[in-house]
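Note: the block below is upload05.txt and it holds compact mmCIF, C-alpha atoms.
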```
# COMPACT_ATOMS: atom_id res chain seq x y z
CA GLN K 1 27.24 80.04 -22.34
CA VAL K 2 25.49 77.04 -23.82
CA GLN K 3 26.37 75.48 -27.15
CA LEU K 4 23.81 73.54 -29.14
CA VAL K 5 24.72 71.30 -32.07
CA GLU K 6 22.03 69.73 -34.22
CA SER K 7 22.38 66.66 -36.39
CA GLY K 8 20.18 64.21 -38.24
CA GLY K 9 18.70 66.33 -40.98
CA GLY K 10 18.60 65.22 -44.58
CA LEU K 11 16.47 64.31 -47.55
CA VAL K 12 13.59 61.89 -47.14
CA GLN K 13 10.56 60.89 -49.17
CA THR K 14 7.00 61.67 -48.16
CA GLY K 15 5.92 59.30 -45.42
CA GLY K 16 9.46 58.69 -44.25
CA SER K 17 11.07 59.34 -40.89
CA LEU K 18 14.02 61.24 -39.50
CA ARG K 19 15.37 61.74 -36.02
CA LEU K 20 17.02 65.01 -35.15
CA SER K 21 19.44 65.27 -32.27
CA CYS K 22 20.61 68.33 -30.38
CA ALA K 23 23.60 68.02 -28.11
CA ALA K 24 23.96 70.69 -25.46
CA SER K 25 27.23 71.58 -23.79
CA GLY K 26 28.58 74.29 -21.56
CA ARG K 27 26.61 75.78 -18.69
CA THR K 28 23.52 73.66 -19.14
CA PHE K 29 22.42 73.75 -15.51
CA GLY K 30 19.00 75.36 -15.34
CA MET K 31 18.24 74.92 -19.04
CA ASN K 32 14.86 73.39 -18.30
CA ALA K 33 13.25 74.30 -21.61
CA MET K 34 14.45 72.80 -24.86
CA GLY K 35 12.65 72.92 -28.12
CA TRP K 36 12.72 72.55 -31.85
CA PHE K 37 11.80 75.38 -34.16
CA ARG K 38 11.66 75.38 -37.93
CA GLN K 39 11.77 77.99 -40.63
CA ALA K 40 10.73 77.41 -44.20
CA PRO K 41 11.67 79.81 -47.02
CA GLY K 42 9.55 82.93 -46.86
CA LYS K 43 7.94 81.94 -43.58
CA GLU K 44 8.45 82.92 -39.97
CA ARG K 45 10.22 80.67 -37.53
CA GLU K 46 7.76 78.53 -35.62
CA LEU K 47 7.95 76.38 -32.53
CA VAL K 48 7.39 72.78 -33.56
CA ALA K 49 7.87 70.98 -30.25
CA GLY K 50 9.10 71.83 -26.80
CA ILE K 51 9.88 70.03 -23.59
CA ASN K 52 10.13 71.51 -20.13
CA TRP K 53 11.92 69.20 -17.78
CA SER K 54 11.11 71.10 -14.58
CA ILE K 55 7.36 70.71 -15.01
CA ARG K 56 7.43 67.54 -17.06
CA SER K 57 5.50 69.02 -19.94
CA THR K 58 5.66 68.86 -23.70
CA TYR K 59 4.22 71.02 -26.43
CA TYR K 60 3.52 70.26 -30.07
CA ALA K 61 2.32 72.48 -32.85
CA ASP K 62 -0.99 71.30 -34.25
CA SER K 63 0.63 70.59 -37.59
CA VAL K 64 2.91 67.90 -36.12
CA LYS K 65 0.80 66.37 -33.37
CA GLY K 66 0.69 62.61 -33.67
CA ARG K 67 3.67 62.57 -36.03
CA PHE K 68 6.55 64.15 -34.09
CA THR K 69 7.84 63.21 -30.66
CA ILE K 70 10.26 65.24 -28.57
CA SER K 71 12.33 63.59 -25.89
CA ARG K 72 15.30 64.45 -23.73
CA ASP K 73 18.19 62.45 -22.35
CA ASN K 74 19.22 64.46 -19.32
CA ALA K 75 22.24 62.33 -18.59
CA LYS K 76 23.67 63.11 -22.02
CA ASN K 77 22.18 66.60 -22.41
CA ILE K 78 20.63 65.61 -25.73
CA VAL K 79 17.15 66.40 -26.99
CA TYR K 80 15.66 64.43 -29.84
CA LEU K 81 12.92 65.07 -32.33
CA GLN K 82 11.53 61.91 -33.87
CA MET K 83 9.67 62.85 -37.04
CA ASN K 84 7.40 60.28 -38.65
CA SER K 85 4.99 60.42 -41.58
CA LEU K 86 6.87 63.37 -42.99
CA LYS K 87 5.17 65.64 -45.49
CA PRO K 88 6.59 68.07 -48.05
CA GLU K 89 5.31 70.94 -45.89
CA ASP K 90 7.69 69.79 -43.14
CA THR K 91 10.57 70.92 -45.32
CA ALA K 92 12.49 73.60 -43.43
CA VAL K 93 15.62 74.38 -41.49
CA TYR K 94 15.16 72.98 -38.01
CA TYR K 95 16.72 74.75 -35.06
CA CYS K 96 17.30 73.53 -31.55
CA ALA K 97 16.82 76.04 -28.75
CA ALA K 98 17.30 76.01 -24.99
CA GLY K 99 16.80 78.23 -22.01
CA PRO K 100 15.35 78.63 -18.54
CA SER K 101 11.68 77.77 -18.17
CA GLY K 102 9.53 79.98 -20.34
CA GLN K 103 12.16 81.36 -22.67
CA TYR K 104 14.64 80.24 -25.28
CA VAL K 105 17.94 82.10 -25.26
CA TYR K 106 20.39 79.73 -26.90
CA TRP K 107 20.15 78.50 -30.47
CA GLY K 108 21.84 75.94 -32.64
CA GLN K 109 23.03 76.53 -36.17
CA GLY K 110 20.17 74.63 -37.79
CA THR K 111 19.86 71.49 -39.83
CA GLN K 112 18.06 71.16 -43.15
CA VAL K 113 15.16 68.76 -43.51
CA THR K 114 13.84 68.22 -47.03
CA VAL K 115 10.83 66.04 -47.74
CA SER K 116 10.34 65.13 -51.38
CA SER K 117 6.92 64.46 -52.84
```
Could you show the structure in this file as structure tokens?
Amino acid sequence: QVQLVESGGGLVQTGGSLRLSCAASGRTFGMNAMGWFRQAPGKERELVAGINWSIRSTYYADSVKGRFTISRDNAKNIVYLQMNSLKPEDTAVYYCAAGPSGQYVYWGQGTQVTVSS
């Protein structure tokens, strides 16, 4: 089993920044894919950013390209999501996810991000 704990959410004004952290523990060996999803009220959960350590690749949704950066500290088993130039439409619950390459099977409990206009 893998446990994921997110932190760093909160309330920020438009144009502000937040950094989310996701600490992974447990049987993390082989968890090459880690990502951040978000779900806004009434909307489906969407993948915002992902990082695959085994193939050294990253993915960003078009809506966050140039504003969000995902990174991973392998030594600490932490993945970060630096969010800059935040917009009200970024308001959502953000979830950390992890799994073997190509699939996410473990999920965190979520952290609320609210961007005020």
For range 71-84 of chain K, what centre and edge lengths in Å (one decimal) does the axis-aligned box get once 6 Å is added on each side of all its listed atoms, as JSON?
```
{"center_x": 15.5, "center_y": 63.4, "center_z": -28.6, "size_x": 28.3, "size_y": 18.3, "size_z": 32.1}
```
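Nearest-residue note for Thr69 in chain K: choosing from K:Val5, K:Ala33, K:Leu18, K:Cys96, the minimum distance belongs to K:Leu18, counting all atoms listed in the file.
From CA of Arg72 in chain K back to CA of Leu4 in chain K, the distance works out to 13.6 Å.
Distances from K:Gly102, K:Gly8, K:Gly15, K:Gly110 to Asp90 in chain K were compared using all atoms listed in the file, and the smallest one belongs to K:Gly15.
You will find CA of Arg45 in chain K at 29.0 Å from CA of Ala75 in chain K.
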Ranking K:Gln109, K:Ser63, K:Gln3, K:Gln82 by minimum distance to Gly26 in chain K and counting all atoms listed in the file, which one comes first?
K:Gln3
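Distance annotation: of K:Thr114, K:Gln39, K:Ser7, K:Thr28, the residue with the minimal separation from Asn77 in chain K is K:Thr28; atom set is all atoms listed in the file.
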At a cut-off of 9 Å, using only C-alpha atoms, what residues contact Tyr94 in chain K? Leave out same-chain residues fewer than 6 positions from it and give the result as a PDB file with C-alpha atoms, in the coordinates of the input.
```
ATOM      1  CA  GLU K   6      22.030  69.730 -34.220  1.00  0.00           C
ATOM      2  CA  GLY K   9      18.700  66.330 -40.980  1.00  0.00           C
ATOM      3  CA  LEU K  20      17.020  65.010 -35.150  1.00  0.00           C
ATOM      4  CA  TRP K  36      12.720  72.550 -31.850  1.00  0.00           C
ATOM      5  CA  PHE K  37      11.800  75.380 -34.160  1.00  0.00           C
ATOM      6  CA  ARG K  38      11.660  75.380 -37.930  1.00  0.00           C
ATOM      7  CA  GLN K  39      11.770  77.990 -40.630  1.00  0.00           C
ATOM      8  CA  ALA K  40      10.730  77.410 -44.200  1.00  0.00           C
ATOM      9  CA  VAL K  48       7.390  72.780 -33.560  1.00  0.00           C
ATOM     10  CA  GLN K 109      23.030  76.530 -36.170  1.00  0.00           C
ATOM     11  CA  GLY K 110      20.170  74.630 -37.790  1.00  0.00           C
ATOM     12  CA  THR K 111      19.860  71.490 -39.830  1.00  0.00           C
ATOM     13  CA  GLN K 112      18.060  71.160 -43.150  1.00  0.00           C
ATOM     14  CA  VAL K 113      15.160  68.760 -43.510  1.00  0.00           C
TER      15      VAL K 113
END
```
Which of these, K:Lys76, K:Lys87, K:Arg67, K:Arg56, has the shortest distance to Ala24 in chain K once you count all atoms listed in the file?
K:Lys76
So that I can see what lies close to Ser54 in chain K, please list as a PyMOL selection string the residues with an atom at most 10 Å from it, counting all atoms listed in the file and leaving out residues fewer than 4 positions away in the same chain.
chain K and resi 30-33+100-101
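Across the structure, CA of Ile55 in chain K and CA of Arg27 in chain K are spaced 20.2 Å apart.
Closest to Glu44 in chain K among K:Ala92, K:Gly16, K:Asp73, K:Val79 is K:Ala92, based on all atoms listed in the file.
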Fix up range 31-54 of chain K with N, CA and C atoms, then write it as a PDB file, in the coordinates of the input.
```
ATOM      1  N   MET K  31      18.860  74.846 -17.707  1.00  0.00           N
ATOM      2  CA  MET K  31      18.240  74.920 -19.040  1.00  0.00           C
ATOM      3  C   MET K  31      17.071  73.933 -19.078  1.00  0.00           C
ATOM      4  N   ASN K  32      15.979  74.311 -18.419  1.00  0.00           N
ATOM      5  CA  ASN K  32      14.860  73.390 -18.300  1.00  0.00           C
ATOM      6  C   ASN K  32      14.043  73.272 -19.586  1.00  0.00           C
ATOM      7  N   ALA K  33      14.056  74.308 -20.385  1.00  0.00           N
ATOM      8  CA  ALA K  33      13.250  74.300 -21.610  1.00  0.00           C
ATOM      9  C   ALA K  33      14.147  74.039 -22.812  1.00  0.00           C
ATOM     10  N   MET K  34      13.769  73.062 -23.590  1.00  0.00           N
ATOM     11  CA  MET K  34      14.450  72.800 -24.860  1.00  0.00           C
ATOM     12  C   MET K  34      13.381  72.576 -25.915  1.00  0.00           C
ATOM     13  N   GLY K  35      13.670  73.031 -27.089  1.00  0.00           N
ATOM     14  CA  GLY K  35      12.650  72.920 -28.120  1.00  0.00           C
ATOM     15  C   GLY K  35      13.241  72.884 -29.510  1.00  0.00           C
ATOM     16  N   TRP K  36      12.378  72.569 -30.432  1.00  0.00           N
ATOM     17  CA  TRP K  36      12.720  72.550 -31.850  1.00  0.00           C
ATOM     18  C   TRP K  36      11.836  73.556 -32.579  1.00  0.00           C
ATOM     19  N   PHE K  37      12.483  74.423 -33.304  1.00  0.00           N
ATOM     20  CA  PHE K  37      11.800  75.380 -34.160  1.00  0.00           C
ATOM     21  C   PHE K  37      12.120  75.012 -35.615  1.00  0.00           C
ATOM     22  N   ARG K  38      11.334  75.543 -36.516  1.00  0.00           N
ATOM     23  CA  ARG K  38      11.660  75.380 -37.930  1.00  0.00           C
ATOM     24  C   ARG K  38      11.301  76.653 -38.675  1.00  0.00           C
ATOM     25  N   GLN K  39      12.023  76.832 -39.775  1.00  0.00           N
ATOM     26  CA  GLN K  39      11.770  77.990 -40.630  1.00  0.00           C
ATOM     27  C   GLN K  39      11.871  77.562 -42.081  1.00  0.00           C
ATOM     28  N   ALA K  40      10.771  77.701 -42.782  1.00  0.00           N
ATOM     29  CA  ALA K  40      10.730  77.410 -44.200  1.00  0.00           C
ATOM     30  C   ALA K  40      10.971  78.703 -44.975  1.00  0.00           C
ATOM     31  N   PRO K  41      11.413  78.609 -46.212  1.00  0.00           N
ATOM     32  CA  PRO K  41      11.670  79.810 -47.020  1.00  0.00           C
ATOM     33  C   PRO K  41      10.439  80.712 -47.095  1.00  0.00           C
ATOM     34  N   GLY K  42      10.637  81.976 -46.781  1.00  0.00           N
ATOM     35  CA  GLY K  42       9.550  82.930 -46.860  1.00  0.00           C
ATOM     36  C   GLY K  42       8.571  82.892 -45.706  1.00  0.00           C
ATOM     37  N   LYS K  43       8.842  82.060 -44.712  1.00  0.00           N
ATOM     38  CA  LYS K  43       7.940  81.940 -43.580  1.00  0.00           C
ATOM     39  C   LYS K  43       8.656  82.302 -42.287  1.00  0.00           C
ATOM     40  N   GLU K  44       7.871  82.610 -41.270  1.00  0.00           N
ATOM     41  CA  GLU K  44       8.450  82.920 -39.970  1.00  0.00           C
ATOM     42  C   GLU K  44       8.878  81.635 -39.252  1.00  0.00           C
ATOM     43  N   ARG K  45       9.815  81.808 -38.343  1.00  0.00           N
ATOM     44  CA  ARG K  45      10.220  80.670 -37.530  1.00  0.00           C
ATOM     45  C   ARG K  45       9.097  80.291 -36.594  1.00  0.00           C
ATOM     46  N   GLU K  46       8.838  78.998 -36.476  1.00  0.00           N
ATOM     47  CA  GLU K  46       7.760  78.530 -35.620  1.00  0.00           C
ATOM     48  C   GLU K  46       8.248  77.455 -34.671  1.00  0.00           C
ATOM     49  N   LEU K  47       7.643  77.429 -33.503  1.00  0.00           N
ATOM     50  CA  LEU K  47       7.950  76.380 -32.530  1.00  0.00           C
ATOM     51  C   LEU K  47       7.209  75.113 -32.949  1.00  0.00           C
ATOM     52  N   VAL K  48       7.957  74.061 -33.141  1.00  0.00           N
ATOM     53  CA  VAL K  48       7.390  72.780 -33.560  1.00  0.00           C
ATOM     54  C   VAL K  48       7.085  71.906 -32.344  1.00  0.00           C
ATOM     55  N   ALA K  49       8.043  71.809 -31.445  1.00  0.00           N
ATOM     56  CA  ALA K  49       7.870  70.980 -30.250  1.00  0.00           C
ATOM     57  C   ALA K  49       8.777  71.491 -29.154  1.00  0.00           C
ATOM     58  N   GLY K  50       8.312  71.374 -27.928  1.00  0.00           N
ATOM     59  CA  GLY K  50       9.100  71.830 -26.800  1.00  0.00           C
ATOM     60  C   GLY K  50       8.938  70.881 -25.620  1.00  0.00           C
ATOM     61  N   ILE K  51       9.944  70.855 -24.790  1.00  0.00           N
ATOM     62  CA  ILE K  51       9.880  70.030 -23.590  1.00  0.00           C
ATOM     63  C   ILE K  51      10.436  70.830 -22.428  1.00  0.00           C
ATOM     64  N   ASN K  52       9.701  70.815 -21.330  1.00  0.00           N
ATOM     65  CA  ASN K  52      10.130  71.510 -20.130  1.00  0.00           C
ATOM     66  C   ASN K  52      10.332  70.472 -19.041  1.00  0.00           C
ATOM     67  N   TRP K  53      11.596  70.274 -18.707  1.00  0.00           N
ATOM     68  CA  TRP K  53      11.920  69.200 -17.780  1.00  0.00           C
ATOM     69  C   TRP K  53      11.429  69.491 -16.365  1.00  0.00           C
ATOM     70  N   SER K  54      11.451  70.755 -15.963  1.00  0.00           N
ATOM     71  CA  SER K  54      11.110  71.100 -14.580  1.00  0.00           C
ATOM     72  C   SER K  54       9.659  70.828 -14.262  1.00  0.00           C
TER      73      SER K  54
END
```
